[in-house]
$ cat run_15.csv   # CSV, C-alpha atoms
chain,number,residue,atom,x,y,z
A,695,GLN,CA,10.3,23.2,-2.8
A,696,THR,CA,6.7,23.2,-1.5
A,697,ARG,CA,6.0,19.5,-0.8
A,698,SER,CA,4.9,18.9,2.7
A,699,ALA,CA,3.9,15.6,4.5
A,700,GLN,CA,2.2,17.7,7.2
A,701,PHE,CA,-0.1,19.4,4.6
A,702,CYS,CA,-0.9,16.0,3.0
A,703,TRP,CA,-1.8,14.4,6.3
A,704,GLU,CA,-4.0,17.3,7.4
A,705,SER,CA,-5.8,17.1,4.1
A,706,ILE,CA,-6.2,13.3,4.4
A,707,LYS,CA,-7.6,13.6,7.9
A,708,THR,CA,-10.0,16.3,6.9
A,709,ASN,CA,-11.3,14.5,3.8
A,710,CYS,CA,-11.0,10.7,4.2
A,711,LYS,CA,-13.2,8.4,6.3
A,712,TYR,CA,-10.8,5.4,6.2
A,713,ILE,CA,-7.0,5.7,6.2
A,714,VAL,CA,-4.5,2.9,5.8
A,715,PRO,CA,-0.8,3.7,6.4
A,716,GLY,CA,2.0,2.5,4.1
A,717,ASN,CA,5.7,2.1,4.2
A,718,HIS,CA,6.5,5.7,3.2
A,719,ASP,CA,4.0,7.0,5.9
A,720,LEU,CA,5.7,4.9,8.5
A,721,PHE,CA,9.1,6.2,7.5
A,722,ALA,CA,7.9,9.8,7.6
A,723,ALA,CA,6.5,9.1,11.1
A,724,LYS,CA,9.6,7.2,12.2
A,725,SER,CA,7.3,4.3,13.1
A,726,ILE,CA,8.2,0.6,13.1
A,727,PRO,CA,5.6,-1.5,11.2
A,728,LYS,CA,3.0,-3.5,13.2
A,729,SER,CA,3.1,-6.3,10.6
A,730,ASP,CA,6.0,-8.6,9.8
A,731,PRO,CA,8.0,-7.8,6.7
A,732,GLY,CA,10.4,-10.6,7.4
A,733,PHE,CA,12.8,-8.5,9.4
A,734,SER,CA,13.2,-7.9,13.2
A,735,TYR,CA,13.5,-4.2,13.7
A,736,PRO,CA,15.8,-3.1,16.6
A,737,SER,CA,13.8,-0.8,19.0
A,738,ASN,CA,16.3,2.0,18.2
A,739,TRP,CA,16.0,1.5,14.5
A,740,TYR,CA,15.6,5.2,13.6
A,741,ASP,CA,18.5,6.2,15.9
A,742,LEU,CA,21.0,4.0,14.0
A,743,SER,CA,23.1,5.4,11.2
A,744,LEU,CA,22.2,4.7,7.6
A,745,GLU,CA,25.3,2.6,7.2
A,746,LYS,CA,24.3,0.4,10.2
A,747,ARG,CA,20.7,0.1,9.0
A,748,LYS,CA,22.0,-1.0,5.5
A,749,GLU,CA,24.2,-3.6,7.2
A,750,LEU,CA,21.3,-5.0,9.3
A,751,ALA,CA,18.6,-4.8,6.6
A,752,TYR,CA,20.7,-6.5,3.9
A,753,GLY,CA,18.0,-6.2,1.2
A,754,LYS,CA,15.1,-7.4,3.4
A,755,ILE,CA,13.4,-4.1,3.9
A,756,TRP,CA,13.3,-0.8,2.1
A,757,LEU,CA,15.6,2.0,3.1
A,758,TYR,CA,14.6,5.5,2.0
A,759,GLU,CA,17.6,7.8,2.3
A,760,PRO,CA,19.0,9.7,0.5
A,761,HIS,CA,16.1,9.7,-2.0
A,762,GLU,CA,13.4,10.6,0.4
A,763,LEU,CA,13.3,14.0,2.2
A,764,GLU,CA,12.9,14.2,5.9
A,765,SER,CA,9.2,14.9,6.7
A,766,ASP,CA,7.8,18.0,8.4
A,767,LEU,CA,5.2,15.9,10.3
A,768,SER,CA,4.1,17.2,13.6
A,769,GLY,CA,4.3,15.0,16.7
A,770,GLU,CA,0.6,14.8,16.7
A,771,ASN,CA,0.4,13.4,13.2
A,772,LYS,CA,3.3,11.0,13.9
A,773,VAL,CA,1.3,9.5,16.7
A,774,PHE,CA,-1.8,9.5,14.6
A,775,ILE,CA,0.0,7.4,11.9
A,776,GLN,CA,1.5,5.1,14.5
A,777,ASP,CA,-1.9,4.3,15.9
A,778,LEU,CA,-3.6,3.5,12.6
A,779,SER,CA,-4.6,-0.1,11.9
A,780,ASP,CA,-2.8,-1.7,9.0
A,781,GLN,CA,-5.7,-4.1,8.3
A,782,PRO,CA,-9.0,-2.3,8.9
A,783,VAL,CA,-12.2,-4.1,7.8
A,784,ILE,CA,-15.0,-1.7,6.6
A,785,GLU,CA,-18.6,-2.5,5.9
A,786,ILE,CA,-20.2,-1.0,2.8
A,787,GLY,CA,-23.6,-2.2,1.4
A,788,GLY,CA,-23.7,-5.2,3.6
A,789,ARG,CA,-20.2,-6.5,2.5
A,790,HIS,CA,-17.1,-6.4,4.6
A,791,ILE,CA,-13.9,-5.2,2.8
A,792,LEU,CA,-10.4,-5.8,4.1
A,793,LEU,CA,-8.0,-2.9,3.4
A,794,SER,CA,-4.2,-2.9,3.6
A,795,HIS,CA,-1.3,-1.3,2.0
A,796,TYR,CA,0.2,-4.6,0.9
A,797,LEU,CA,-0.2,-8.4,1.4
A,798,PHE,CA,0.0,-10.5,4.5
A,799,PRO,CA,2.2,-10.8,6.5
A,800,ASP,CA,3.9,-7.6,5.2
A,801,LEU,CA,0.8,-5.4,5.4
A,802,SER,CA,2.7,-2.1,5.5
A,803,GLY,CA,4.8,-2.9,2.4
A,804,SER,CA,8.0,-2.4,4.3
A,805,GLY,CA,9.6,-5.5,2.9
A,806,CYS,CA,11.4,-5.9,-0.5
A,807,ILE,CA,9.3,-8.7,-2.0
A,808,LEU,CA,7.9,-7.4,-5.3
A,809,PRO,CA,6.0,-8.3,-7.5
A,810,PRO,CA,3.5,-10.2,-5.3
A,811,THR,CA,3.6,-14.0,-5.5
A,812,THR,CA,0.8,-16.6,-5.5
A,813,ILE,CA,1.9,-17.6,-2.0
A,814,GLN,CA,1.5,-14.1,-0.7
A,815,PHE,CA,-2.0,-13.9,-2.2
A,816,THR,CA,-3.0,-17.2,-0.7
A,817,SER,CA,-1.7,-16.1,2.7
A,818,HIS,CA,-3.7,-12.9,2.3
A,819,GLN,CA,-6.8,-14.9,1.5
A,820,ASP,CA,-6.3,-16.8,4.8
A,821,LEU,CA,-6.3,-13.4,6.6
A,822,LEU,CA,-9.4,-12.4,4.6
A,823,LYS,CA,-11.2,-15.5,6.0
A,824,ARG,CA,-10.0,-14.9,9.6
A,825,LYS,CA,-11.3,-11.4,9.3
A,826,ASN,CA,-14.7,-12.6,8.0
A,827,ALA,CA,-14.3,-10.2,5.1
A,828,SER,CA,-15.8,-10.6,1.6
A,829,PHE,CA,-12.9,-9.3,-0.5
A,830,ALA,CA,-9.7,-7.3,-0.1
A,831,ILE,CA,-8.2,-4.1,-1.6
A,832,PHE,CA,-4.5,-3.3,-1.4
A,833,GLY,CA,-2.0,-0.9,-3.0
A,834,HIS,CA,1.8,-0.6,-3.0
A,835,CYS,CA,2.6,-2.3,-6.3
A,836,HIS,CA,1.9,0.7,-8.7
A,837,PRO,CA,0.2,-1.3,-11.4
A,838,GLU,CA,-0.9,0.3,-14.6
A,839,GLY,CA,-4.5,-0.6,-14.0
A,840,LEU,CA,-5.4,-3.3,-11.4
A,841,ILE,CA,-4.1,-6.6,-10.0
A,842,TYR,CA,-6.8,-9.2,-9.5
A,843,PHE,CA,-6.3,-12.5,-7.7
A,844,HIS,CA,-9.2,-15.1,-7.7
A,845,ASN,CA,-9.4,-18.8,-8.0
A,846,LYS,CA,-5.6,-19.1,-7.6
A,847,MET,CA,-5.0,-16.9,-10.7
A,848,ILE,CA,-3.3,-13.5,-10.9
A,849,LYS,CA,-4.6,-11.2,-13.6
A,850,TYR,CA,-3.6,-7.6,-14.5
A,851,PRO,CA,-6.6,-5.7,-16.0
A,852,ARG,CA,-5.5,-2.5,-17.7
A,853,PHE,CA,-6.7,1.0,-16.9
A,854,ASN,CA,-10.4,1.6,-17.8
A,855,SER,CA,-11.3,-2.1,-17.2
A,856,SER,CA,-14.1,-2.8,-14.8
A,857,ILE,CA,-14.0,-5.9,-12.7
A,858,ASP,CA,-16.4,-7.6,-10.3
A,859,CYS,CA,-15.5,-7.7,-6.6
A,860,LEU,CA,-16.2,-11.4,-6.2
A,861,GLU,CA,-16.1,-13.3,-2.9
A,862,ASP,CA,-12.5,-14.0,-1.7
A,863,ALA,CA,-11.1,-11.7,-4.5
A,864,ILE,CA,-7.9,-9.7,-3.7
A,865,ILE,CA,-7.6,-6.5,-5.8
A,866,GLY,CA,-4.6,-4.3,-6.1
A,867,VAL,CA,-5.1,-0.7,-7.1
A,868,PRO,CA,-2.8,1.9,-8.8
A,869,CYS,CA,-0.8,4.6,-7.1
A,870,ILE,CA,-1.4,8.3,-7.4
A,871,ALA,CA,2.2,9.3,-6.7
A,872,ASN,CA,4.6,10.0,-9.5
A,873,GLY,CA,7.0,7.3,-10.8
A,874,ARG,CA,8.0,5.1,-13.7
A,875,ASN,CA,4.6,3.6,-14.2
A,876,ILE,CA,1.5,5.5,-15.2
A,877,SER,CA,-0.2,6.6,-12.0
A,878,GLY,CA,-3.9,6.5,-11.4
A,879,PHE,CA,-6.9,6.1,-9.0
A,880,SER,CA,-9.7,3.6,-8.6
A,881,ILE,CA,-13.4,3.9,-8.0
A,882,LEU,CA,-15.4,1.2,-6.2
A,883,ASP,CA,-19.1,1.3,-7.4
A,884,THR,CA,-20.9,0.1,-4.2
A,885,ASP,CA,-24.2,-0.4,-6.0
A,886,ASN,CA,-23.0,-3.3,-8.1
A,887,PHE,CA,-19.5,-3.8,-6.5
A,888,LYS,CA,-17.4,-3.3,-9.5
A,889,ILE,CA,-14.1,-1.5,-9.3
A,890,LYS,CA,-12.4,0.4,-12.1
A,891,ALA,CA,-9.0,2.1,-12.4
A,892,TYR,CA,-8.4,5.4,-14.3
A,893,PRO,CA,-5.0,6.7,-15.5
A,894,LEU,CA,-3.8,10.2,-14.5
A,895,ARG,CA,-1.8,10.7,-17.7
A,896,PRO,CA,-1.5,9.1,-21.2
A,897,ILE,CA,0.6,6.0,-21.6
A,898,HIS,CA,3.2,7.9,-23.7
A,899,LYS,CA,3.9,10.2,-20.8
A,900,ARG,CA,5.5,7.4,-18.8
A,901,ILE,CA,8.6,8.5,-16.9
A,902,PHE,CA,11.8,6.7,-17.8
A,903,ARG,CA,14.8,6.8,-15.5
$ encode --input "run_15.csv" --output "structure tokens"
Amino acid sequence: QTRSAQFCWESIKTNCKYIVPGNHDLFAAKSIPKSDPGFSYPSNWYDLSLEKRKELAYGKIWLYEPHELESDLSGENKVFIQDLSDQPVIEIGGRHILLSHYLFPDLSGSGCILPPTTIQFTSHQDLLKRKNASFAIFGHCHPEGLIYFHNKMIKYPRFNSSIDCLEDAIIGVPCIANGRNISGFSILDTDNFKIKAYPLRPIHKRIFR
């Protein structure tokens, strides 16, 4: 009864230095993704009926109704979200880090390809090189711990495992939002460039639906 996208975004803008929008943010702002999820959005996408959008999407992109409530975002915050980069590169401790919600080319996570494939990780590494970044961090997958891609191998370190942010590594972090999987958060130690994920509730508290 009290959840509010407007409150969340005002809090984020006040407290966060770097902000990367994801698929649910774009839906709340009624914004078409800048990246390519494998679907050509009509310019009037959000004016179409749900039935028409289902017909056009045909399993290629996520549709959010009726499960997701309409947001109470202000026009100012909708524009703010629309103007955010979906692939910012930040510099910390002399290293450049590529941030995104998901993997290239679907950087917003609006497409329906999950879990990520080796081909997606390899494409994201190509973007990493084009951006002259050292390593990449992404979200969207809701892992119970981390996702780690390096040397053409995908690994899934569990919560409370610490991993090195090696050159060309791509690291997926857990989600704070509620869901089937155990949610959590990550901390990047910028003194030694190790990243660790922490659970927000015990494993036996997982939600089953």
$ closest_residue --input "run_15.csv" --among "A:Ile807, A:Ile831, A:Val714, A:Ile864" --to "Gln819 (chain A)" --atoms "only C-alpha atoms"
A:Ile864
$ closest_residue --input "run_15.csv" --among "A:Pro736, A:Gly878, A:Pro809, A:Gly803" --to "Phe721 (chain A)" --atoms "only C-alpha atoms"
A:Gly803
$ closest_residue --input "run_15.csv" --among "A:Pro799, A:Gly866, A:Gly787, A:Pro896" --to "Lys849 (chain A)" --atoms "only C-alpha atoms"
A:Gly866
$ closest_residue --input "run_15.csv" --among "A:Lys724, A:Arg895, A:Lys825, A:Lys707" --to "Asp862 (chain A)" --atoms "only C-alpha atoms"
A:Lys825
$ closest_residue --input "run_15.csv" --among "A:Asn845, A:Ser794, A:Ser725, A:Ser828" --to "Thr816 (chain A)" --atoms "all atoms listed in the file"
A:Asn845
$ closest_residue --input "run_15.csv" --among "A:Ser856, A:Asn872, A:Asn717, A:Gln781" --to "Lys890 (chain A)" --atoms "only C-alpha atoms"
A:Ser856
$ residues_around --input "run_15.csv" --residues "Arg697 (chain A)" --least-positions-apart "3" --cutoff "10 Å" --atoms "all atoms listed in the file" --output "short mmCIF file (atom, residue, chain, number, x, y, z; two decimals) with C-alpha atoms, in the coordinates of the input"
data_model
loop_
_atom_site.label_atom_id
_atom_site.label_comp_id
_atom_site.auth_asym_id
_atom_site.auth_seq_id
_atom_site.Cartn_x
_atom_site.Cartn_y
_atom_site.Cartn_z
CA GLN A 700 2.20 17.70 7.20
CA PHE A 701 -0.10 19.40 4.60
CA CYS A 702 -0.90 16.00 3.00
CA LEU A 763 13.30 14.00 2.20
CA SER A 765 9.20 14.90 6.70
CA ASP A 766 7.80 18.00 8.40
#
$ residues_around --input "run_15.csv" --residues "Leu797 (chain A)" --least-positions-apart "3" --cutoff "9 Å" --atoms "all atoms listed in the file" --output "PyMOL selection string"
chain A and resi 794+800-803+810+814-815+817-818+832-833
$ write_last_selection --input "run_15.csv" --atoms "C-alpha atoms" --output "mmCIF file, in the coordinates of the input"
data_model
loop_
_atom_site.group_PDB
_atom_site.id
_atom_site.type_symbol
_atom_site.label_atom_id
_atom_site.label_comp_id
_atom_site.auth_asym_id
_atom_site.auth_seq_id
_atom_site.Cartn_x
_atom_site.Cartn_y
_atom_site.Cartn_z
ATOM 1 C CA SER A 794 -4.200 -2.900 3.600
ATOM 2 C CA ASP A 800 3.900 -7.600 5.200
ATOM 3 C CA LEU A 801 0.800 -5.400 5.400
ATOM 4 C CA SER A 802 2.700 -2.100 5.500
ATOM 5 C CA GLY A 803 4.800 -2.900 2.400
ATOM 6 C CA PRO A 810 3.500 -10.200 -5.300
ATOM 7 C CA GLN A 814 1.500 -14.100 -0.700
ATOM 8 C CA PHE A 815 -2.000 -13.900 -2.200
ATOM 9 C CA SER A 817 -1.700 -16.100 2.700
ATOM 10 C CA HIS A 818 -3.700 -12.900 2.300
ATOM 11 C CA PHE A 832 -4.500 -3.300 -1.400
ATOM 12 C CA GLY A 833 -2.000 -0.900 -3.000
#
$ atom_distance --input "run_15.csv" --atom1 "CA of Phe879 (chain A)" --atom2 "CA of Ile726 (chain A)"
27.3 Å
$ residues_around --input "run_15.csv" --residues "Leu744 (chain A)" --least-positions-apart "5" --cutoff "10 Å" --atoms "only C-alpha atoms" --output "ChimeraX atom specification"
/A:739,749-750,757-760
$ write_last_selection --input "run_15.csv" --atoms "C-alpha atoms" --output "PDB file, keeping the file's coordinate frame"
ATOM      1  CA  TRP A 739      16.000   1.500  14.500  1.00  0.00           C
ATOM      2  CA  GLU A 749      24.200  -3.600   7.200  1.00  0.00           C
ATOM      3  CA  LEU A 750      21.300  -5.000   9.300  1.00  0.00           C
ATOM      4  CA  LEU A 757      15.600   2.000   3.100  1.00  0.00           C
ATOM      5  CA  TYR A 758      14.600   5.500   2.000  1.00  0.00           C
ATOM      6  CA  GLU A 759      17.600   7.800   2.300  1.00  0.00           C
ATOM      7  CA  PRO A 760      19.000   9.700   0.500  1.00  0.00           C
TER       8      PRO A 760
END
$ atom_distance --input "run_15.csv" --atom1 "CA of Pro782 (chain A)" --atom2 "CA of Thr812 (chain A)"
22.5 Å
$ atom_distance --input "run_15.csv" --atom1 "CA of Phe829 (chain A)" --atom2 "CA of Arg789 (chain A)"
8.4 Å
$ residues_near_point --input "run_15.csv" --point "(-2.9, -17.6, 9.9)" --cutoff "8 Å" --atoms "all atoms listed in the file" --output "PyMOL selection string"
chain A and resi 817+820-821+824
$ residues_near_point --input "run_15.csv" --point "(-18.9, 0.9, -6.6)" --cutoff "12 Å" --atoms "all atoms listed in the file" --output "ChimeraX atom specification"
/A:786-787,789,856-859,880-891
$ residues_around --input "run_15.csv" --residues "Ile784 (chain A)" --least-positions-apart "5" --cutoff "10 Å" --atoms "all atoms listed in the file" --output "VMD selection string"
chain A and resid 712 789 to 793 827
$ write_last_selection --input "run_15.csv" --atoms "C-alpha atoms" --output "PDB file, in the coordinates of the input"
ATOM      1  CA  TYR A 712     -10.800   5.400   6.200  1.00  0.00           C
ATOM      2  CA  ARG A 789     -20.200  -6.500   2.500  1.00  0.00           C
ATOM      3  CA  HIS A 790     -17.100  -6.400   4.600  1.00  0.00           C
ATOM      4  CA  ILE A 791     -13.900  -5.200   2.800  1.00  0.00           C
ATOM      5  CA  LEU A 792     -10.400  -5.800   4.100  1.00  0.00           C
ATOM      6  CA  LEU A 793      -8.000  -2.900   3.400  1.00  0.00           C
ATOM      7  CA  ALA A 827     -14.300 -10.200   5.100  1.00  0.00           C
TER       8      ALA A 827
END
